[in-house]
Amino acid sequence: MLKLGVNETREKFLSFFEGKGHLRLPSFSLVPQNDASLLLINSGMAPMKKYFTGEVTPPRKRVSTCQKCIRTPDIENVGKTSRHGTFFEMLGNFSFGDYFKKEAAAWAWEFFTQVLEIPPEKLFVSVYLEDDEAFDIWTKNVGVSQDHMVRLGKEDNFWEHGSGPCGPCSEIYFDRGEKYGCGSGDCRPGCDCDRYIEVWNLVFTQFDSDGKGAYTPLDHPNIDTGMGLERLACVLQGVENLFEIDTVQNIIKHVCEITGLAYHASEKTDISIRVITDHIRSTVFMISDGVRPSNEGRGYVLRRLLRRAARHGRLLNIERPFLHELAGTVINESKAAYPELEERGNYILSAIKAEEARFGRTISQGTLMLSGLIDRLEASGKKALSGKDAFLLYDTFGFPIDLTREILAERSIALDEEGFRTHMEAQRVRAREARAKIAETSWLGGPAASSDAATVFVGYEQNESPAAVLYIIGADGKPAESLQEGEGGAIVLNQTPFYAESGGQVGDWGEIVSEDGANIEVRDCRKTAGGQYQHIVLVKEGDIKKGDRVLARIDASRREAIRRNHTSLHMLQAALRQVLGEHVHQAGSYVDDRRGRFDFSHYEAMTTEEIRRVEELVNEKILEGIPIKSCQKSMDEAKRAGAMALFGEKYGDIVRVVSIGDYSTELCGGTHADNSAKLGLFKILSETSVAAGTRRIECTTGRGVLELIDERESLLEKSAGEIKLRSPSELPEKLRALVSELKEKNKEIEALNGKLADGHVQTALASVKQIGEIKYAAAFFEDESAETLRGICDRLRGKDENIVALIANRGTLAAAAGKGAIAKGLHAGKLVKDVSALLGGKGGGRPDSAMAGFKDFAAVSSALEKAAGIIENFIKK
């Protein structure tokens with residue numbers, strides 16, 4: 001039997017099936033595309049479901065993949081056992097109506113026994129109880145001995161999920177030997193002991209189930225096989241579990257280097273080492289595929305994995321961010337098969353480091369609070385944390401509920417799950433009510449209507465269009481027969497050139513003119529779920545009725561500005577990916593006639609040079625005068641053309657693709673310029689942070705850039721005029737001179753302040769009172785600043801190490817204590833606190849220097865006198 005590493009094993013499998021006429025496909029993203037049933041890809045066949053159902057034509061009838069997968073249902077058990085993991089790779093060969101059982105079985109046996117050289121006597125095969133065809137193929141065609149064959153029932157050897165394609169399966173088991181067995185005389189594959197491990201599952205999809213027990217044979221049966229790469233590597237490397245295989249071991253070794261611990265030295269630390277090792281693998285691959293930490297969906301799965309790993313790092317006494325260091329090892333171990341890991345490496349490490357730093361702040365606060373709650377529960381003999389307290393930790397401190405559960409379990413404390421859910425639901429209700437309060441007037445929603453009344457949009461090609469009025473909604477939100485002069489409402493037309501707000505692009509403005517001469521101003525356009533375009537209007541002249549024939553005309557000048565800004569965002573994304581890296585993906589956008597706003601995934605502020613380079617790239621493409629084309633394609637065609645889609649966005653089978661030459665190709669339903677030259681110029685207005693891992697650029701084009709230039713020229717001219725210059729070009733030299741002059745003046749002021757402070761020091765020293773070995777200096781300087789008071793105190797402290805000083809103005813009290821005074825029990829912070837309390841104020845600070853504010857100005861002299869007694873008390877203590 002060959003002893004191969006994980007990367008060699010993967011390549012052996014894919015090369016073998018290439019030799020059998022299979023198209024080797026790269027792993028699909030962990031983020032499902034157009035599949036709302038899955039949060040993350042969890043099997044080899046999951047991203048190919050539509051190939052099996054016939055909804056989408058596969059690129060070839062024979063396909064093989066190594067698919068990255070994430071499964072998290074048993075996340076609490078990861079680490080506690082060496083069997084559980086969240087990330088794995090699934091090897092698979094697939095036939096879409098091509099070969100069937102005979103070839104699948106023969107190739108599987110050939111790969112195991114001839115390519116990997118696994119001894120046939122170590123292999124056992126199971127088939128579905130009633131699948132005589134498969135049994136005969138294995139025994140008569142492939143040559144497997146009957147005493148190495150097992151028939152199992154539907155629960156083990158029949159693949160079915162509700163209605164749809166299904167069928168029997170065969171599983172190939174590896175015999176690890178008697179020492180792993182249960183000792184039973186009938187121990188065989190399917191037994192609960194550890195002797196026989198299932199390595200490869202061959203599913204023969206030959207029926208269509210109605211979900212009620214009836215099975216109809218498929219005209220074109222399929223093959224769907226799945227084999228865990230890590231499990232196969234365990235067999236080939238002769239190790240016990242996935243944490244012992246070569247690539248994972250290298251991550252464990254790095255964990256041990258960071259912690260200074262040895263794996264297998266302690267079961268307690270081994271749990272944390274395994275948690276960190278597994279979770280960092282999942283984290284790296286998820287971030288590489290565009291998942292970002294958040295509080296919902298797959299983003300929450302990522303955040304949970306990251307934070308669970310970080311917490312286990314703390315259990316191993318790692319107080320600093322460290323997971324990003326391990327990410328480099330994960331990338332190095334897998335980059336041969338997944339080159340995108342290395343391409344996006346800097347982004348992955350930055351994302352992990354940023355999230356870990358955030359969690360460091362959260363966990364410190366949350367853990368301290370939770371520990372206090374647990375201590376109080378234990379002291380009172382209670383055994384459960386209330387849902388209210390758990391919700392407070394989650395809502396106020398951002399402390400993950402799953403982490404609360406885990407820490408409670410470690411201390412044998414239960415959680416009031418029902419109470420927590422009640423508080424969560426109450427919060428959701430409050431949020432919904434808040435949204436309802438700020439929602440716009442009800443008539444913007446309009447009446448429900450059948451889909452056959454949807455508005456036809458003609459605005460890609462036309463700026464005006466004849467139309468008929470289908471519906472009218474009054475300002476009260478109720479259907480109306482007409483709108484009179486001066487009234488507002490919403491009008492639904494059968495067709496329109498008005499773009500309805502969607503995809504971040506604002507709705508069009510314009511006018512609707514009826515055949516009877518009514519003039520209606522269109523102030524916005526919205527689209528309902530039923531596809532009706534609601535024109536938000538004000539009747540300027542005449543009246544408008546249902547059924548009227550009208551001419552709908554957009555504000556063409558405004559539309560052109562919107563086109564320019566929208567197109568610039570596509571070019572901006574392409575430039576950002578070129579300058580910052582392929583990790584950049586759109587996270588949101590807004591486009592109107594004055595500017596564009598683009599939110600994107602990136603974990604640090606852009607440098608001035610990066611911003612300059614992005615502007616330069618976009619303007620270069622504008623000057624090239626690239627034709628911009630849009631067309632409709634199937635989703636598969638668009639993907640093959642390299643079209644970028646918005647993460648998390650749901651698309652139909654037919655999508656609109658906007659291409660700017662070969663520079664940018666995106667799925668987009670918005671309106672665009674037909675040539676890049678029409679953008680004129682592009683300028684970035686700002687680059688800021690909007691959330692963890694999300695940056696925002698605001699930009700403008702065309703007339704917006706000209707307005708910006710005019711605005712800045714005007715500002716420069718005004719600035720030059722204020723300091724009596726003939727031209728703004730003289731500003732730099734004049735400003736340098738002014739700055740130099742200002743520095744000299746500041747030096748003079750500092751020198752004068754120093755002399756003034758020295759005078760004040762002498763005044764204070766003249767008032768010194770001897771209190772034992774302590775010299776107490778007090779003074780009042782009504783008009784001096786707080787900073788001046790602090791400076792006087794610092795100077796006094798430097799004069800004598802046994803001095804204690806209190807210096808006041810009309811509302812501030814400064815205190816200082818020399819080293820000798822501190823040694824004798826004085827503390828400036830406590831002194832200023834006690835003395836300011838006499839004046840109705842409060843404050844504090846260090847032992848040697850402190851400040852306080854107060855309100856009772858009239859009592860300052862009395863308080864400074866009483867301070868002598870307070871100082872005596874400090875000395876006596």
# chains A, B, ... in the order shown; residues from 1 in each chain; ligands from 1

$ select_by_dssp --residues "segment 311-555 of chain A" --states "strand (DSSP E or B)" --output "PyMOL selection string"
chain A and resi 384-385+414-415+456-457+464-474+479+482-483+488-493+495-496+502+505+510-514+519-527+533-541+544-545+549-554

$ residues_around --residues "Gln249 of chain A" --least-positions-apart "2" --cutoff "12 Å" --atoms "only C-alpha atoms" --output "JSON list (two decimals) with N, CA and C atoms, in the first residue's frame"
[["chain", "number", "residue", "atom", "x", "y", "z"],
["A", 5, "GLY", "N", 1.12, 11.52, 0.98],
["A", 5, "GLY", "CA", 0.64, 12.71, 1.68],
["A", 5, "GLY", "C", -0.72, 13.12, 1.14],
["A", 6, "VAL", "N", -1.36, 14.02, 1.83],
["A", 6, "VAL", "CA", -2.69, 14.49, 1.43],
["A", 6, "VAL", "C", -2.67, 15.07, 0.02],
["A", 230, "GLU", "N", -9.39, 13.31, 3.77],
["A", 230, "GLU", "CA", -8.68, 13.13, 5.04],
["A", 230, "GLU", "C", -8.81, 11.69, 5.54],
["A", 234, "CYS", "N", -5.82, 8.97, 6.17],
["A", 234, "CYS", "CA", -5.61, 8.20, 7.41],
["A", 234, "CYS", "C", -5.27, 6.75, 7.09],
["A", 239, "VAL", "N", -2.59, 6.17, 10.19],
["A", 239, "VAL", "CA", -2.77, 6.94, 11.43],
["A", 239, "VAL", "C", -4.22, 6.82, 11.90],
["A", 241, "ASN", "N", -6.50, 9.20, 13.08],
["A", 241, "ASN", "CA", -7.55, 10.18, 12.83],
["A", 241, "ASN", "C", -7.02, 11.35, 12.00],
["A", 242, "LEU", "N", -7.91, 12.25, 11.63],
["A", 242, "LEU", "CA", -7.53, 13.34, 10.72],
["A", 242, "LEU", "C", -6.49, 14.28, 11.32],
["A", 243, "PHE", "N", -6.39, 14.34, 12.65],
["A", 243, "PHE", "CA", -5.41, 15.23, 13.27],
["A", 243, "PHE", "C", -3.99, 14.66, 13.22],
["A", 244, "GLU", "N", -3.88, 13.43, 12.68],
["A", 244, "GLU", "CA", -2.56, 12.80, 12.58],
["A", 244, "GLU", "C", -2.00, 12.82, 11.16],
["A", 245, "ILE", "N", -2.82, 13.20, 10.18],
["A", 245, "ILE", "CA", -2.33, 13.19, 8.80],
["A", 245, "ILE", "C", -1.36, 14.35, 8.57],
["A", 246, "ASP", "N", -0.56, 14.26, 7.53],
["A", 246, "ASP", "CA", 0.61, 15.16, 7.39],
["A", 246, "ASP", "C", 0.27, 16.65, 7.37],
["A", 247, "THR", "N", -0.69, 17.07, 6.55],
["A", 247, "THR", "CA", -0.96, 18.50, 6.42],
["A", 247, "THR", "C", -1.52, 19.08, 7.72],
["A", 251, "ILE", "N", 0.04, 21.87, 10.98],
["A", 251, "ILE", "CA", -0.65, 22.97, 11.67],
["A", 251, "ILE", "C", -0.56, 22.76, 13.18],
["A", 252, "ILE", "N", -0.76, 21.53, 13.63],
["A", 252, "ILE", "CA", -0.66, 21.22, 15.06],
["A", 252, "ILE", "C", 0.73, 21.56, 15.58],
["A", 253, "LYS", "N", 1.75, 21.24, 14.81],
["A", 253, "LYS", "CA", 3.13, 21.55, 15.23],
["A", 253, "LYS", "C", 3.31, 23.06, 15.41],
["A", 254, "HIS", "N", 2.70, 23.83, 14.52],
["A", 254, "HIS", "CA", 2.80, 25.29, 14.63],
["A", 254, "HIS", "C", 2.07, 25.78, 15.89],
["A", 255, "VAL", "N", 0.90, 25.18, 16.17],
["A", 255, "VAL", "CA", 0.17, 25.54, 17.40],
["A", 255, "VAL", "C", 1.06, 25.26, 18.62],
["A", 256, "CYS", "N", 1.71, 24.11, 18.60],
["A", 256, "CYS", "CA", 2.56, 23.72, 19.73],
["A", 256, "CYS", "C", 3.77, 24.66, 19.87],
["A", 263, "TYR", "N", 1.70, 18.11, 21.92],
["A", 263, "TYR", "CA", 0.46, 17.38, 21.64],
["A", 263, "TYR", "C", 0.55, 16.00, 22.26],
["A", 273, "ILE", "N", -5.90, 22.34, 21.41],
["A", 273, "ILE", "CA", -5.02, 22.28, 20.22],
["A", 273, "ILE", "C", -5.81, 21.81, 19.01],
["A", 274, "ARG", "N", -6.69, 20.81, 19.22],
["A", 274, "ARG", "CA", -7.49, 20.30, 18.09],
["A", 274, "ARG", "C", -8.52, 21.33, 17.64],
["A", 277, "THR", "N", -6.69, 23.97, 15.62],
["A", 277, "THR", "CA", -6.22, 23.41, 14.34],
["A", 277, "THR", "C", -7.35, 23.25, 13.35],
["A", 278, "ASP", "N", -8.46, 22.67, 13.80],
["A", 278, "ASP", "CA", -9.60, 22.47, 12.89],
["A", 278, "ASP", "C", -10.19, 23.81, 12.46],
["A", 329, "THR", "N", 0.38, 28.86, 7.74],
["A", 329, "THR", "CA", 0.68, 27.42, 7.61],
["A", 329, "THR", "C", -0.41, 26.71, 6.83],
["A", 330, "VAL", "N", -1.67, 27.04, 7.12],
["A", 330, "VAL", "CA", -2.79, 26.43, 6.38],
["A", 330, "VAL", "C", -2.64, 26.73, 4.88],
["A", 333, "GLU", "N", 0.14, 24.70, 3.30],
["A", 333, "GLU", "CA", -0.16, 23.27, 3.15],
["A", 333, "GLU", "C", -1.12, 22.98, 2.00]]

$ atom_distance --atom1 "atom CA of Ser386 of chain A" --atom2 "atom CA of Leu373 of chain A"
9.8 Å

$ residues_around --residues "segment 775-780 of chain A" --least-positions-apart "6" --cutoff "8 Å" --atoms "only C-alpha atoms" --output "PyMOL selection string"
chain A and resi 763-765+767-769+802-809+861+864+868
